[in-house]
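Text of the file model.pdb, holding PDB, N, CA and C atoms:
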```pdb
ATOM      1  N   MET E   7     -79.862  45.567  28.240
ATOM      2  CA  MET E   7     -80.693  46.751  28.266
ATOM      3  C   MET E   7     -80.060  47.805  27.368
ATOM      4  N   GLY E   8     -80.893  48.645  26.783
ATOM      5  CA  GLY E   8     -80.398  49.675  25.900
ATOM      6  C   GLY E   8     -81.545  50.486  25.335
ATOM      7  N   ALA E   9     -81.204  51.289  24.340
ATOM      8  CA  ALA E   9     -82.204  52.140  23.698
ATOM      9  C   ALA E   9     -82.243  51.836  22.207
ATOM     10  N   ASP E  10     -83.442  51.718  21.670
ATOM     11  CA  ASP E  10     -83.631  51.581  20.235
ATOM     12  C   ASP E  10     -83.999  52.959  19.702
ATOM     13  N   LEU E  11     -83.198  53.461  18.775
ATOM     14  CA  LEU E  11     -83.407  54.796  18.229
ATOM     15  C   LEU E  11     -83.774  54.698  16.754
ATOM     16  N   TYR E  12     -84.792  55.443  16.360
ATOM     17  CA  TYR E  12     -85.259  55.432  14.976
ATOM     18  C   TYR E  12     -85.204  56.846  14.414
ATOM     19  N   LEU E  13     -84.558  57.004  13.273
ATOM     20  CA  LEU E  13     -84.599  58.243  12.518
ATOM     21  C   LEU E  13     -85.665  58.008  11.444
ATOM     22  N   MET E  14     -86.879  58.444  11.740
ATOM     23  CA  MET E  14     -88.044  58.052  10.953
ATOM     24  C   MET E  14     -87.928  58.426   9.479
ATOM     25  N   SER E  15     -87.291  59.535   9.161
ATOM     26  CA  SER E  15     -87.181  59.941   7.759
ATOM     27  C   SER E  15     -86.362  58.947   6.943
ATOM     28  N   ALA E  16     -85.486  58.207   7.581
ATOM     29  CA  ALA E  16     -84.696  57.184   6.895
ATOM     30  C   ALA E  16     -85.291  55.789   7.107
ATOM     31  N   TYR E  17     -85.852  55.543   8.278
ATOM     32  CA  TYR E  17     -86.365  54.222   8.614
ATOM     33  C   TYR E  17     -87.640  53.864   7.840
ATOM     34  N   GLU E  18     -88.581  54.788   7.760
ATOM     35  CA  GLU E  18     -89.874  54.492   7.136
ATOM     36  C   GLU E  18     -89.768  54.039   5.683
ATOM     37  N   PRO E  19     -88.969  54.695   4.830
ATOM     38  CA  PRO E  19     -88.870  54.198   3.448
ATOM     39  C   PRO E  19     -88.327  52.768   3.366
ATOM     40  N   ALA E  20     -87.338  52.448   4.175
ATOM     41  CA  ALA E  20     -86.782  51.088   4.170
ATOM     42  C   ALA E  20     -87.809  50.091   4.688
ATOM     43  N   ARG E  21     -88.537  50.452   5.739
ATOM     44  CA  ARG E  21     -89.569  49.568   6.287
ATOM     45  C   ARG E  21     -90.664  49.321   5.261
ATOM     46  N   LYS E  22     -91.118  50.383   4.613
ATOM     47  CA  LYS E  22     -92.186  50.243   3.618
ATOM     48  C   LYS E  22     -91.751  49.374   2.441
ATOM     49  N   LYS E  23     -90.485  49.472   2.074
ATOM     50  CA  LYS E  23     -89.982  48.685   0.947
ATOM     51  C   LYS E  23     -89.873  47.204   1.293
ATOM     52  N   TRP E  24     -89.329  46.885   2.480
ATOM     53  CA  TRP E  24     -88.994  45.505   2.819
ATOM     54  C   TRP E  24     -90.016  44.779   3.675
ATOM     55  N   GLU E  25     -90.891  45.488   4.373
ATOM     56  CA  GLU E  25     -91.839  44.814   5.268
ATOM     57  C   GLU E  25     -92.771  43.832   4.543
ATOM     58  N   PRO E  26     -93.312  44.159   3.364
ATOM     59  CA  PRO E  26     -94.170  43.165   2.701
ATOM     60  C   PRO E  26     -93.423  41.866   2.381
ATOM     61  N   ARG E  27     -92.181  41.964   1.949
ATOM     62  CA  ARG E  27     -91.388  40.763   1.658
ATOM     63  C   ARG E  27     -91.073  40.001   2.946
ATOM     64  N   PHE E  28     -90.772  40.749   4.003
ATOM     65  CA  PHE E  28     -90.507  40.144   5.306
ATOM     66  C   PHE E  28     -91.733  39.369   5.787
ATOM     67  N   GLU E  29     -92.903  39.999   5.752
ATOM     68  CA  GLU E  29     -94.135  39.350   6.214
ATOM     69  C   GLU E  29     -94.460  38.116   5.374
ATOM     70  N   ALA E  30     -94.262  38.189   4.066
ATOM     71  CA  ALA E  30     -94.520  37.039   3.191
ATOM     72  C   ALA E  30     -93.567  35.896   3.509
ATOM     73  N   ALA E  31     -92.297  36.227   3.761
ATOM     74  CA  ALA E  31     -91.315  35.197   4.095
ATOM     75  C   ALA E  31     -91.642  34.551   5.443
ATOM     76  N   VAL E  32     -92.091  35.331   6.411
ATOM     77  CA  VAL E  32     -92.490  34.787   7.711
ATOM     78  C   VAL E  32     -93.653  33.809   7.532
ATOM     79  N   ALA E  33     -94.638  34.203   6.742
ATOM     80  CA  ALA E  33     -95.791  33.329   6.504
ATOM     81  C   ALA E  33     -95.364  32.031   5.814
ATOM     82  N   ALA E  34     -94.476  32.133   4.835
ATOM     83  CA  ALA E  34     -93.999  30.941   4.128
ATOM     84  C   ALA E  34     -93.195  30.048   5.066
ATOM     85  N   ARG E  35     -92.346  30.648   5.882
ATOM     86  CA  ARG E  35     -91.556  29.874   6.849
ATOM     87  C   ARG E  35     -92.463  29.126   7.817
ATOM     88  N   ASP E  36     -93.494  29.789   8.279
ATOM     89  CA  ASP E  36     -94.380  29.201   9.278
ATOM     90  C   ASP E  36     -95.243  28.065   8.720
ATOM     91  N   ARG E  37     -95.311  27.935   7.407
ATOM     92  CA  ARG E  37     -96.059  26.825   6.801
ATOM     93  C   ARG E  37     -95.254  25.529   6.801
ATOM     94  N   HIS E  38     -93.970  25.610   7.136
ATOM     95  CA  HIS E  38     -93.103  24.434   7.116
ATOM     96  C   HIS E  38     -92.710  24.034   8.534
ATOM     97  N   GLU E  39     -92.495  22.770   8.709
ATOM     98  CA  GLU E  39     -92.111  22.209  10.006
ATOM     99  C   GLU E  39     -90.704  22.670  10.382
ATOM    100  N   PRO E  40     -90.518  23.169  11.610
ATOM    101  CA  PRO E  40     -89.158  23.548  12.049
ATOM    102  C   PRO E  40     -88.189  22.381  11.910
ATOM    103  N   GLY E  41     -86.988  22.706  11.491
ATOM    104  CA  GLY E  41     -85.958  21.688  11.326
ATOM    105  C   GLY E  41     -85.855  21.151   9.914
ATOM    106  N   THR E  42     -86.838  21.457   9.060
ATOM    107  CA  THR E  42     -86.778  20.992   7.676
ATOM    108  C   THR E  42     -85.951  21.960   6.838
ATOM    109  N   ASP E  43     -85.508  21.481   5.691
ATOM    110  CA  ASP E  43     -84.727  22.328   4.790
ATOM    111  C   ASP E  43     -85.533  23.540   4.323
ATOM    112  N   GLU E  44     -86.827  23.330   4.068
ATOM    113  CA  GLU E  44     -87.671  24.431   3.620
ATOM    114  C   GLU E  44     -87.786  25.507   4.693
ATOM    115  N   HIS E  45     -87.961  25.083   5.933
ATOM    116  CA  HIS E  45     -88.059  26.036   7.042
ATOM    117  C   HIS E  45     -86.766  26.837   7.162
ATOM    118  N   GLU E  46     -85.634  26.171   7.085
ATOM    119  CA  GLU E  46     -84.339  26.846   7.197
ATOM    120  C   GLU E  46     -84.125  27.828   6.045
ATOM    121  N   CYS E  47     -84.534  27.433   4.843
ATOM    122  CA  CYS E  47     -84.403  28.309   3.673
ATOM    123  C   CYS E  47     -85.221  29.589   3.870
ATOM    124  N   TRP E  48     -86.462  29.430   4.304
ATOM    125  CA  TRP E  48     -87.302  30.597   4.527
ATOM    126  C   TRP E  48     -86.811  31.429   5.709
ATOM    127  N   GLN E  49     -86.245  30.778   6.720
ATOM    128  CA  GLN E  49     -85.709  31.525   7.857
ATOM    129  C   GLN E  49     -84.566  32.428   7.415
ATOM    130  N   LYS E  50     -83.746  31.967   6.501
ATOM    131  CA  LYS E  50     -82.664  32.804   5.972
ATOM    132  C   LYS E  50     -83.229  34.029   5.268
ATOM    133  N   ARG E  51     -84.308  33.838   4.514
ATOM    134  CA  ARG E  51     -84.942  34.983   3.846
ATOM    135  C   ARG E  51     -85.543  35.946   4.870
ATOM    136  N   VAL E  52     -86.195  35.399   5.895
ATOM    137  CA  VAL E  52     -86.755  36.239   6.950
ATOM    138  C   VAL E  52     -85.653  37.102   7.557
ATOM    139  N   SER E  53     -84.543  36.496   7.892
ATOM    140  CA  SER E  53     -83.427  37.230   8.498
ATOM    141  C   SER E  53     -82.875  38.288   7.551
ATOM    142  N   ARG E  54     -82.732  37.934   6.279
ATOM    143  CA  ARG E  54     -82.187  38.878   5.294
ATOM    144  C   ARG E  54     -83.116  40.084   5.135
ATOM    145  N   TYR E  55     -84.420  39.840   5.020
ATOM    146  CA  TYR E  55     -85.359  40.951   4.862
ATOM    147  C   TYR E  55     -85.442  41.799   6.128
ATOM    148  N   TYR E  56     -85.341  41.167   7.286
ATOM    149  CA  TYR E  56     -85.348  41.928   8.547
ATOM    150  C   TYR E  56     -84.136  42.856   8.604
ATOM    151  N   GLU E  57     -82.976  42.339   8.241
ATOM    152  CA  GLU E  57     -81.772  43.172   8.238
ATOM    153  C   GLU E  57     -81.913  44.340   7.274
ATOM    154  N   LYS E  58     -82.477  44.104   6.113
ATOM    155  CA  LYS E  58     -82.672  45.180   5.147
ATOM    156  C   LYS E  58     -83.682  46.202   5.667
ATOM    157  N   MET E  59     -84.725  45.727   6.337
ATOM    158  CA  MET E  59     -85.734  46.620   6.897
ATOM    159  C   MET E  59     -85.122  47.533   7.958
ATOM    160  N   MET E  60     -84.193  46.997   8.719
ATOM    161  CA  MET E  60     -83.592  47.750   9.823
ATOM    162  C   MET E  60     -82.278  48.425   9.434
ATOM    163  N   SER E  61     -81.918  48.391   8.172
ATOM    164  CA  SER E  61     -80.604  48.870   7.748
ATOM    165  C   SER E  61     -80.498  50.392   7.681
ATOM    166  N   ALA E  62     -81.608  51.082   7.617
ATOM    167  CA  ALA E  62     -81.563  52.537   7.495
ATOM    168  C   ALA E  62     -82.377  53.179   8.612
ATOM    169  N   GLY E  63     -81.766  54.102   9.305
ATOM    170  CA  GLY E  63     -82.484  54.880  10.300
ATOM    171  C   GLY E  63     -82.726  54.205  11.628
ATOM    172  N   TYR E  64     -82.172  53.014  11.847
ATOM    173  CA  TYR E  64     -82.331  52.318  13.126
ATOM    174  C   TYR E  64     -80.969  52.191  13.787
ATOM    175  N   PHE E  65     -80.920  52.580  15.039
ATOM    176  CA  PHE E  65     -79.671  52.519  15.797
ATOM    177  C   PHE E  65     -79.944  51.918  17.159
ATOM    178  N   ARG E  66     -79.064  51.034  17.582
ATOM    179  CA  ARG E  66     -79.173  50.392  18.899
ATOM    180  C   ARG E  66     -78.076  50.953  19.771
ATOM    181  N   ASP E  67     -78.444  51.507  20.925
ATOM    182  CA  ASP E  67     -77.486  52.073  21.858
ATOM    183  C   ASP E  67     -77.519  51.247  23.135
ATOM    184  N   PRO E  68     -76.584  50.257  23.264
ATOM    185  CA  PRO E  68     -76.575  49.424  24.466
ATOM    186  C   PRO E  68     -76.041  50.216  25.657
ATOM    187  N   TYR E  69     -76.611  49.944  26.808
ATOM    188  CA  TYR E  69     -76.179  50.637  28.022
ATOM    189  C   TYR E  69     -74.977  49.988  28.677
ATOM    190  N   ASN E  70     -74.696  48.756  28.337
ATOM    191  CA  ASN E  70     -73.570  48.071  28.958
ATOM    192  C   ASN E  70     -72.532  47.713  27.910
ATOM    193  N   ASP E  71     -71.337  47.339  28.344
ATOM    194  CA  ASP E  71     -70.260  47.005  27.415
ATOM    195  C   ASP E  71     -70.616  45.760  26.683
TER     196      ASP E  71
END
```
Could you show the structure in this file as structure tokens?
Amino acid sequence: MGADLYLMSAYEPARKKWEPRFEAAVAARDRHEPGTDEHECWQKRVSRYYEKMMSAGYFRDPYND
């Protein structure tokens, strides 16, 4: 459990920049069978774009250690 905090002035530009690439990578990944090399390749891109999308203005505050 925790709180997700967004500083919108920093988060929105990063989201707008990376979300189209993220969505395209998700669609490409979903066209391939899980467990295949193609699926794994696209999953890496999905993860990379998600991290970039969340890299600015997003903070996670966990309530527990």
- Message: I need the output of the PyMOL selection byres ((chain E and resi 20) around 7) for this file as a list in words; which residues are they?
- Response: Ala16, Tyr17, Glu18, Pro19, Arg21, Lys22, Lys23, Trp24, Glu25, Lys58, Met59, Met60, Ser61 and Ala62 of chain E
- Message: Let me make sure I understand: among E:Glu39, E:Arg51, E:Leu13, E:Ala31, which one has the smallest atom-to-atom distance to Phe65 of chain E if we use all atoms listed in the file?
- Response: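 Selected residue with least distance to Phe65 of chain E: E:Leu13.
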- Query: Given the file above and the PyMOL selection byres (((chain E and resi 52 and name CA) around 6) and name CA), which residues are selected, and can you give them as a list in words?
  - Reply: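 On the file shown, the PyMOL selection byres (((chain E and resi 52 and name CA) around 6) and name CA) covers Phe28, Ala31, Val32, Gln49, Lys50, Arg51, Ser53, Arg54 and Tyr55 of chain E.
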Take every atom of segment 15-31 of chain E listed in the file, fit an axis-aligned box around them, add 8 Å per side, and give the centre and edge lengths in Å to one decimal as JSON.
```
{"center_x": -89.6, "center_y": 47.2, "center_z": 5.1, "size_x": 25.8, "size_y": 41.4, "size_z": 24.2}
```
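Counting all atoms listed in the file and comparing E:Ala9, E:Trp48, E:Arg66, E:Met14, the residue that lies closest to Asp36 of chain E is E:Trp48.
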- Message: Just list as a PyMOL selection string whatever in chain E DSSP marks as helix (DSSP H, G or I).
- Response: chain E and resi 14-36+43-59
- Message: Based on the backbone DSSP call, show me all residues of chain E assigned strand (DSSP E), as JSON, numbers by chain.
- Response: {"E": [8, 9, 10, 11, 12, 64, 65, 66, 67, 68]}
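The residue set within 12 Å of Tyr69 of chain E, counting only C-alpha atoms and dropping same-chain residues fewer than 6 places from it, reads Met7, Gly8, Ala9 and Asp10 of chain E.
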- Message: Under the rule that all atoms listed in the file are counted, which of E:Cys47, E:Tyr56, E:Tyr64, E:Gly41 is the nearest residue to Glu29 of chain E?
- Response: E:Tyr56
- Query: Could you work out how far atom CA of Tyr12 of chain E lies from atom C of Asp67 of chain E, giving the answer in Å with one decimal?
  - Reply: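 For atom C of Asp67 of chain E relative to atom CA of Tyr12 of chain E, the distance reads 12.0 Å.
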- Task: Mind giving me the straight-line distance from atom CA of Gly63 of chain E to atom CA of Leu11 of chain E in Å, one decimal?
- Result: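 Between these atoms lies a distance of 8.0 Å.
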- Task: Could you please determine the separation between atom CA of Arg27 of chain E and atom CA of Pro68 of chain E in Å, to one decimal place?
- Result: 28.5 Å
